[in-house]
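Trainee: Just one file: structure36.cif, with mmCIF, C-alpha atoms; chains and numbers go by the auth columns.
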data_input
loop_
_atom_site.group_PDB
_atom_site.id
_atom_site.type_symbol
_atom_site.label_atom_id
_atom_site.label_comp_id
_atom_site.label_asym_id
_atom_site.label_seq_id
_atom_site.Cartn_x
_atom_site.Cartn_y
_atom_site.Cartn_z
_atom_site.B_iso_or_equiv
_atom_site.auth_seq_id
_atom_site.auth_asym_id
ATOM 1 C CA ALA A 1 136.021 -39.642 315.209 0.00 1 A
ATOM 2 C CA THR A 2 136.310 -36.507 313.038 0.00 2 A
ATOM 3 C CA ALA A 3 133.778 -37.715 310.441 0.00 3 A
ATOM 4 C CA SER A 4 130.387 -36.036 310.194 0.00 4 A
ATOM 5 C CA ALA A 5 127.340 -37.608 311.843 0.00 5 A
ATOM 6 C CA ASN A 6 126.013 -38.733 308.437 0.00 6 A
ATOM 7 C CA MET A 7 129.281 -40.466 307.639 0.00 7 A
ATOM 8 C CA GLN A 8 129.369 -42.156 311.040 0.00 8 A
ATOM 9 C CA LYS A 9 125.878 -43.610 310.414 0.00 9 A
ATOM 10 C CA GLN A 10 127.361 -45.751 307.654 0.00 10 A
ATOM 11 C CA LYS A 11 129.855 -47.443 309.923 0.00 11 A
ATOM 12 C CA GLY A 12 129.645 -51.208 309.581 0.00 12 A
ATOM 13 C CA SER A 13 130.413 -54.107 307.305 0.00 13 A
ATOM 14 C CA TYR A 14 128.832 -54.577 303.900 0.00 14 A
ATOM 15 C CA LEU A 15 128.877 -57.441 301.420 0.00 15 A
ATOM 16 C CA ASP A 16 128.410 -56.459 297.780 0.00 16 A
ATOM 17 C CA GLY A 17 128.848 -58.499 294.620 0.00 17 A
ATOM 18 C CA TYR A 18 128.622 -57.040 291.115 0.00 18 A
ATOM 19 C CA PHE A 19 128.637 -58.179 287.511 0.00 19 A
ATOM 20 C CA ASN A 20 130.773 -55.703 285.532 0.00 20 A
ATOM 21 C CA TYR A 21 131.045 -55.341 281.771 0.00 21 A
ATOM 22 C CA THR A 22 132.468 -52.795 279.327 0.00 22 A
ATOM 23 C CA LEU A 23 131.697 -52.044 275.683 0.00 23 A
ATOM 24 C CA ASP A 24 134.669 -50.326 274.016 0.00 24 A
ATOM 25 C CA TYR A 25 134.410 -49.022 270.441 0.00 25 A
ATOM 26 C CA ASP A 26 137.858 -47.774 269.420 0.00 26 A
ATOM 27 C CA LEU A 27 138.423 -46.124 266.028 0.00 27 A
ATOM 28 C CA ARG A 28 141.646 -44.227 266.821 0.00 28 A
ATOM 29 C CA ASP A 29 144.432 -44.288 264.252 0.00 29 A
ATOM 30 C CA GLN A 30 146.844 -45.467 266.974 0.00 30 A
ATOM 31 C CA LYS A 31 146.698 -45.955 270.740 0.00 31 A
ATOM 32 C CA PHE A 32 149.843 -43.976 271.563 0.00 32 A
ATOM 33 C CA GLU A 33 150.046 -40.347 270.394 0.00 33 A
ATOM 34 C CA THR A 34 146.672 -40.533 268.669 0.00 34 A
ATOM 35 C CA THR A 35 146.159 -37.988 265.885 0.00 35 A
ATOM 36 C CA ASP A 36 142.728 -38.932 264.510 0.00 36 A
ATOM 37 C CA GLY A 37 139.615 -40.911 265.349 0.00 37 A
ATOM 38 C CA TYR A 38 137.566 -41.501 268.471 0.00 38 A
ATOM 39 C CA ARG A 39 136.937 -43.903 271.326 0.00 39 A
ATOM 40 C CA SER A 40 133.561 -44.579 272.907 0.00 40 A
ATOM 41 C CA VAL A 41 133.392 -46.627 276.131 0.00 41 A
ATOM 42 C CA PHE A 42 130.281 -47.669 278.087 0.00 42 A
ATOM 43 C CA SER A 43 130.564 -49.651 281.317 0.00 43 A
ATOM 44 C CA GLN A 44 128.057 -50.901 283.826 0.00 44 A
ATOM 45 C CA ASN A 45 128.190 -52.476 287.295 0.00 45 A
ATOM 46 C CA ILE A 46 125.094 -54.565 287.927 0.00 46 A
ATOM 47 C CA PRO A 47 124.518 -55.542 291.576 0.00 47 A
ATOM 48 C CA LEU A 48 124.054 -59.246 292.273 0.00 48 A
ATOM 49 C CA VAL A 49 124.285 -59.234 296.086 0.00 49 A
ATOM 50 C CA SER A 50 124.093 -55.938 297.952 0.00 50 A
ATOM 51 C CA GLU A 51 122.555 -53.981 300.819 0.00 51 A
ATOM 52 C CA ASN A 52 120.973 -51.386 298.505 0.00 52 A
ATOM 53 C CA TYR A 53 121.663 -52.684 294.979 0.00 53 A
ATOM 54 C CA SER A 54 123.453 -49.686 293.454 0.00 54 A
ATOM 55 C CA LEU A 55 123.541 -49.708 289.658 0.00 55 A
ATOM 56 C CA VAL A 56 126.479 -47.779 288.133 0.00 56 A
ATOM 57 C CA ASN A 57 126.532 -46.585 284.504 0.00 57 A
ATOM 58 C CA LYS A 58 129.525 -44.799 282.930 0.00 58 A
ATOM 59 C CA TYR A 59 130.109 -43.372 279.468 0.00 59 A
ATOM 60 C CA ASP A 60 133.390 -41.906 278.199 0.00 60 A
ATOM 61 C CA TYR A 61 133.819 -40.421 274.709 0.00 61 A
ATOM 62 C CA LYS A 62 136.989 -38.880 273.324 0.00 62 A
ATOM 63 C CA ARG A 63 137.467 -37.458 269.811 0.00 63 A
ATOM 64 C CA TYR A 64 140.885 -36.691 268.295 0.00 64 A
ATOM 65 C CA LEU A 65 141.418 -34.348 265.364 0.00 65 A
ATOM 66 C CA GLY A 66 144.749 -33.509 263.723 0.00 66 A
ATOM 67 C CA TRP A 67 144.910 -29.933 262.490 0.00 67 A
ATOM 68 C CA TRP A 68 147.365 -27.231 261.396 0.00 68 A
ATOM 69 C CA ASN A 69 151.062 -28.237 261.530 0.00 69 A
ATOM 70 C CA ASP A 70 150.872 -31.449 263.588 0.00 70 A
ATOM 71 C CA ASN A 71 148.611 -30.026 266.308 0.00 71 A
ATOM 72 C CA VAL A 72 146.106 -32.486 267.741 0.00 72 A
ATOM 73 C CA ALA A 73 142.857 -31.264 269.259 0.00 73 A
ATOM 74 C CA THR A 74 140.795 -33.470 271.556 0.00 74 A
ATOM 75 C CA PHE A 75 137.217 -33.283 272.744 0.00 75 A
ATOM 76 C CA GLY A 76 136.126 -35.432 275.678 0.00 76 A
ATOM 77 C CA LEU A 77 132.777 -36.041 277.329 0.00 77 A
ATOM 78 C CA TYR A 78 132.329 -38.168 280.458 0.00 78 A
ATOM 79 C CA GLY A 79 129.224 -39.010 282.435 0.00 79 A
ATOM 80 C CA ALA A 80 128.398 -41.431 285.230 0.00 80 A
ATOM 81 C CA THR A 81 125.376 -42.258 287.367 0.00 81 A
ATOM 82 C CA VAL A 82 124.788 -44.406 290.433 0.00 82 A
ATOM 83 C CA ASN A 83 121.310 -45.168 291.745 0.00 83 A
ATOM 84 C CA SER A 84 119.842 -47.745 294.086 0.00 84 A
ATOM 85 C CA LEU A 85 117.458 -50.231 292.509 0.00 85 A
ATOM 86 C CA THR A 86 115.676 -50.603 295.871 0.00 86 A
ATOM 87 C CA GLY A 87 114.994 -46.870 296.293 0.00 87 A
ATOM 88 C CA LYS A 88 117.434 -46.482 299.197 0.00 88 A
ATOM 89 C CA ASN A 89 120.129 -43.846 299.246 0.00 89 A
ATOM 90 C CA VAL A 90 123.486 -44.799 297.776 0.00 90 A
ATOM 91 C CA LYS A 91 126.190 -45.549 300.386 0.00 91 A
ATOM 92 C CA LEU A 92 129.038 -43.062 300.670 0.00 92 A
ATOM 93 C CA SER A 93 131.516 -45.712 299.537 0.00 93 A
ATOM 94 C CA GLU A 94 129.559 -46.160 296.278 0.00 94 A
ATOM 95 C CA ARG A 95 129.122 -42.483 295.417 0.00 95 A
ATOM 96 C CA LEU A 96 130.831 -40.983 292.403 0.00 96 A
ATOM 97 C CA PHE A 97 133.730 -38.554 292.205 0.00 97 A
ATOM 98 C CA ILE A 98 135.345 -36.871 289.209 0.00 98 A
ATOM 99 C CA PRO A 99 138.332 -38.910 287.926 0.00 99 A
ATOM 100 C CA ASN A 100 141.730 -37.128 288.101 0.00 100 A
ATOM 101 C CA ASN A 101 142.169 -37.114 284.330 0.00 101 A
ATOM 102 C CA LYS A 102 138.782 -35.393 283.808 0.00 102 A
ATOM 103 C CA LEU A 103 139.390 -32.285 285.947 0.00 103 A
ATOM 104 C CA ARG A 104 142.993 -31.142 286.167 0.00 104 A
ATOM 105 C CA GLY A 105 144.184 -28.813 288.925 0.00 105 A
ATOM 106 C CA PHE A 106 142.048 -30.186 291.756 0.00 106 A
ATOM 107 C CA GLU A 107 142.925 -32.622 294.509 0.00 107 A
ATOM 108 C CA ASN A 108 141.445 -36.097 293.984 0.00 108 A
ATOM 109 C CA GLY A 109 138.039 -36.446 295.654 0.00 109 A
ATOM 110 C CA LYS A 110 137.919 -32.767 296.674 0.00 110 A
ATOM 111 C CA VAL A 111 135.195 -31.567 294.292 0.00 111 A
ATOM 112 C CA GLY A 112 131.458 -31.725 294.765 0.00 112 A
ATOM 113 C CA PRO A 113 128.949 -31.951 297.605 0.00 113 A
ATOM 114 C CA ARG A 114 130.218 -31.722 301.170 0.00 114 A
ATOM 115 C CA ASP A 115 128.900 -32.762 304.542 0.00 115 A
ATOM 116 C CA GLY A 116 130.700 -30.449 306.943 0.00 116 A
ATOM 117 C CA LYS A 117 134.348 -30.681 305.911 0.00 117 A
ATOM 118 C CA ASP A 118 133.948 -34.096 304.225 0.00 118 A
ATOM 119 C CA TYR A 119 133.481 -34.446 300.466 0.00 119 A
ATOM 120 C CA VAL A 120 130.754 -37.063 300.005 0.00 120 A
ATOM 121 C CA GLY A 121 130.534 -37.508 296.240 0.00 121 A
ATOM 122 C CA GLY A 122 127.277 -37.627 294.342 0.00 122 A
ATOM 123 C CA ASN A 123 124.930 -39.754 292.294 0.00 123 A
ATOM 124 C CA TYR A 124 125.804 -37.981 289.037 0.00 124 A
ATOM 125 C CA VAL A 125 129.067 -36.830 287.436 0.00 125 A
ATOM 126 C CA MET A 126 129.625 -35.006 284.150 0.00 126 A
ATOM 127 C CA SER A 127 132.762 -33.537 282.606 0.00 127 A
ATOM 128 C CA LEU A 128 133.754 -31.780 279.402 0.00 128 A
ATOM 129 C CA ASN A 129 137.378 -31.632 278.254 0.00 129 A
ATOM 130 C CA LEU A 130 138.896 -29.655 275.374 0.00 130 A
ATOM 131 C CA SER A 131 142.609 -29.606 274.651 0.00 131 A
ATOM 132 C CA THR A 132 145.164 -29.132 271.926 0.00 132 A
ATOM 133 C CA SER A 133 148.870 -29.836 271.614 0.00 133 A
ATOM 134 C CA LEU A 134 151.212 -27.008 270.627 0.00 134 A
ATOM 135 C CA PRO A 135 154.350 -28.618 269.132 0.00 135 A
ATOM 136 C CA GLN A 136 155.509 -25.383 267.428 0.00 136 A
ATOM 137 C CA VAL A 137 156.181 -23.471 270.677 0.00 137 A
ATOM 138 C CA LEU A 138 159.724 -24.897 271.025 0.00 138 A
ATOM 139 C CA PRO A 139 160.271 -26.844 267.784 0.00 139 A
ATOM 140 C CA ASN A 140 163.946 -27.630 268.531 0.00 140 A
ATOM 141 C CA SER A 141 163.264 -29.079 271.987 0.00 141 A
ATOM 142 C CA GLN A 142 162.394 -32.767 271.794 0.00 142 A
ATOM 143 C CA THR A 143 161.777 -33.108 275.535 0.00 143 A
ATOM 144 C CA THR A 144 159.287 -30.257 276.033 0.00 144 A
ATOM 145 C CA ASP A 145 155.584 -30.483 275.188 0.00 145 A
ATOM 146 C CA PHE A 146 153.035 -27.687 275.463 0.00 146 A
ATOM 147 C CA SER A 147 149.293 -27.985 275.483 0.00 147 A
ATOM 148 C CA LEU A 148 146.298 -25.792 276.050 0.00 148 A
ATOM 149 C CA PHE A 149 143.260 -27.236 277.824 0.00 149 A
ATOM 150 C CA TYR A 150 139.843 -26.433 279.250 0.00 150 A
ATOM 151 C CA ASP A 151 138.126 -28.742 281.761 0.00 151 A
ATOM 152 C CA ALA A 152 134.665 -28.316 283.260 0.00 152 A
ATOM 153 C CA ALA A 153 132.974 -30.809 285.587 0.00 153 A
ATOM 154 C CA ASN A 154 130.188 -31.202 288.100 0.00 154 A
ATOM 155 C CA VAL A 155 129.155 -33.673 290.808 0.00 155 A
ATOM 156 C CA TRP A 156 125.570 -33.510 292.055 0.00 156 A
ATOM 157 C CA GLY A 157 122.534 -35.413 293.308 0.00 157 A
ATOM 158 C CA VAL A 158 123.212 -36.476 296.870 0.00 158 A
ATOM 159 C CA CYS A 159 120.922 -37.253 299.776 0.00 159 A
ATOM 160 C CA LEU A 160 122.623 -37.278 303.182 0.00 160 A
ATOM 161 C CA LEU A 161 119.871 -39.200 304.977 0.00 161 A
ATOM 162 C CA TYR A 162 121.069 -42.780 304.920 0.00 162 A
ATOM 163 C CA THR A 163 119.859 -45.569 307.134 0.00 163 A
ATOM 164 C CA SER A 164 122.491 -48.106 308.084 0.00 164 A
ATOM 165 C CA PRO A 165 121.840 -51.816 307.576 0.00 165 A
ATOM 166 C CA SER A 166 120.106 -53.733 310.349 0.00 166 A
ATOM 167 C CA PRO A 167 122.422 -55.547 312.745 0.00 167 A
#
Please rewrite the model in this file as structure tokens.
Mentor:
Amino acid sequence: ATASANMQKQKGSYLDGYFNYTLDYDLRDQKFETTDGYRSVFSQNIPLVSENYSLVNKYDYKRYLGWWNDNVATFGLYGATVNSLTGKNVKLSERLFIPNNKLRGFENGKVGPRDGKDYVGGNYVMSLNLSTSLPQVLPNSQTTDFSLFYDAANVWGVCLLYTSPSP
């Protein structure tokens, strides 16, 4: 009852079926506490049965570089798109949001385009992440880790005019 008029238009039942696949190229030196290498992951959701046939593409790249006295710097780039193959607008439930691990310090799903008070996601997402570990801050403490990070992200490309499926 408190949802915006555009969100209420999408009320109903939907049947969607997708074929999902992921290509993962992993050249890290180790999976836990990585100190060198990179990982490149592409995934795609291809609609098989759907109301508007939304195609989702995602790419995630992360580079690790060991430097000066056991510090590890990381560089991450993430991008995702969702578009309808039939030219219709993408349903709210299929829109994209920034993943928690790509933009620290914000509540999940509370970044990007809004319709009234409701966050509605977007058709495009991009994030950039830079970080480094700082093990020399408290060298005698084995239970304390310090890191320095910079995250930047954006969600955009939304059309709020959506026509609901025919009854």
Trainee: Between A:Glu51, A:Asn101, A:Ala80, A:Val90, single out the one closest to Gly12 of chain A, counting all atoms listed in the file.
Mentor: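 Selected residue with least distance to Gly12 of chain A: A:Glu51.
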Trainee: Each residue of segment 5-82 of chain A lying at most 6 Å from segment 107-126 of chain A should get a row with its shortest atom-to-atom pair and the distance in Å to one decimal, counting all atoms listed in the file; could you produce that, ordered by chain and increasing number, as a Markdown table?
Mentor:
| residue | atom | partner | partner_atom | distance |
| --- | --- | --- | --- | --- |
| A:Tyr78 | CA | A:Met126 | CA | 5.6 |
| A:Gly79 | CA | A:Met126 | CA | 4.4 |
| A:Ala80 | CA | A:Val125 | CA | 5.1 |
| A:Thr81 | CA | A:Tyr124 | CA | 4.6 |
| A:Val82 | CA | A:Asn123 | CA | 5.0 |
Trainee: Find the spatial neighbours of Glu33 of chain A, counting all atoms listed in the file, within a cut-off of 12 Å - ignore same-chain residues fewer than 5 positions away - and output them as a list in words.
Mentor: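 In the requested form, the answer reads Arg28, Tyr64, Leu65, Gly66, Asp70, Asn71, Val72, Ala73, Thr74 and Ser133 of chain A.
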Trainee: One number please: atom CA of Gln30 of chain A to atom CA of Gly76 of chain A, in Å, one decimal.
Mentor: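 A separation of 17.1 Å between them.
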Trainee: Could you tell me which of A:Leu103, A:Asn140, A:Arg63, A:Tyr21 comes closest to Gly37 of chain A if we count all atoms listed in the file?
Mentor: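 Going through A:Leu103, A:Asn140, A:Arg63, A:Tyr21 one by one, the smallest distance to Gly37 of chain A is for A:Arg63.
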Trainee: Which residues are close to Ser147 of chain A, i.e. within 9 Å by all atoms listed in the file, leaving aside same-chain residues fewer than 3 positions away? Reply as an NGL selection string.
Mentor: :A and (131-135)
Trainee: Record the distance separating atom CA of Ser54 of chain A and atom CA of Ala152 of chain A, expressed in Å with one decimal.
Mentor: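 Pair atom CA of Ser54 of chain A / atom CA of Ala152 of chain A returns 26.2 Å.
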Trainee: So, counting all atoms listed in the file, which residue among A:Glu94, A:Gln10, A:Asp26, A:Leu77 is closest to Ser50 of chain A?
Mentor: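 Distance minimum relative to Ser50 of chain A lands on A:Glu94.
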Trainee: Between atom CA of Asp24 of chain A and atom CA of Lys91 of chain A, what is the distance in Å, rounded to a tenth?
Mentor: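 Pair atom CA of Asp24 of chain A / atom CA of Lys91 of chain A returns 28.1 Å.
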Trainee: With all atoms listed in the file as the atoms that count, which of A:Val56, A:Leu148, A:Met7, A:Leu130 lies nearest to Leu92 of chain A?
Mentor: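 Using all atoms listed in the file, the shortest distance to Leu92 of chain A belongs to A:Met7.
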Trainee: From the set A:Ser40, A:Asn83, A:Asn45, A:Thr35, which residue has the shortest atom-to-atom contact distance to Tyr61 of chain A, counting only C-alpha atoms?
Mentor: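 Nearest to Tyr61 of chain A: A:Ser40.
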Trainee: I want to know what sits within 6 Å of Val41 of chain A, based on all atoms listed in the file, with residues of the same chain fewer than 6 positions away left out; could you give that as a PyMOL selection string?
Mentor: chain A and resi 23-24+59-60
Trainee: Which residues are close to Lys102 of chain A, i.e. within 8 Å by all atoms listed in the file, leaving aside same-chain residues fewer than 4 positions away? Reply as a ChimeraX atom specification.
Mentor: /A:78,98,127-129,151,153
Trainee: Do you know which residues the PyMOL selection byres ((chain A and resi 46) around 7) returns on this file, as a list of chain:residue names?
Mentor: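 Output of the PyMOL selection byres ((chain A and resi 46) around 7): A:Tyr18, A:Phe19, A:Asn20, A:Gln44, A:Asn45, A:Pro47, A:Leu48, A:Leu55, A:Val56.
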Trainee: Edge lengths and centre, in Å to one decimal, as lines of an AutoDock Vina configuration file: that's what I need for the box along x, y and z that holds all listed atoms of segment 68-76 of chain A plus 8 Å on each side.
Mentor:
center_x = 143.6
center_y = -31.3
center_z = 268.5
size_x = 30.9
size_y = 24.2
size_z = 30.3
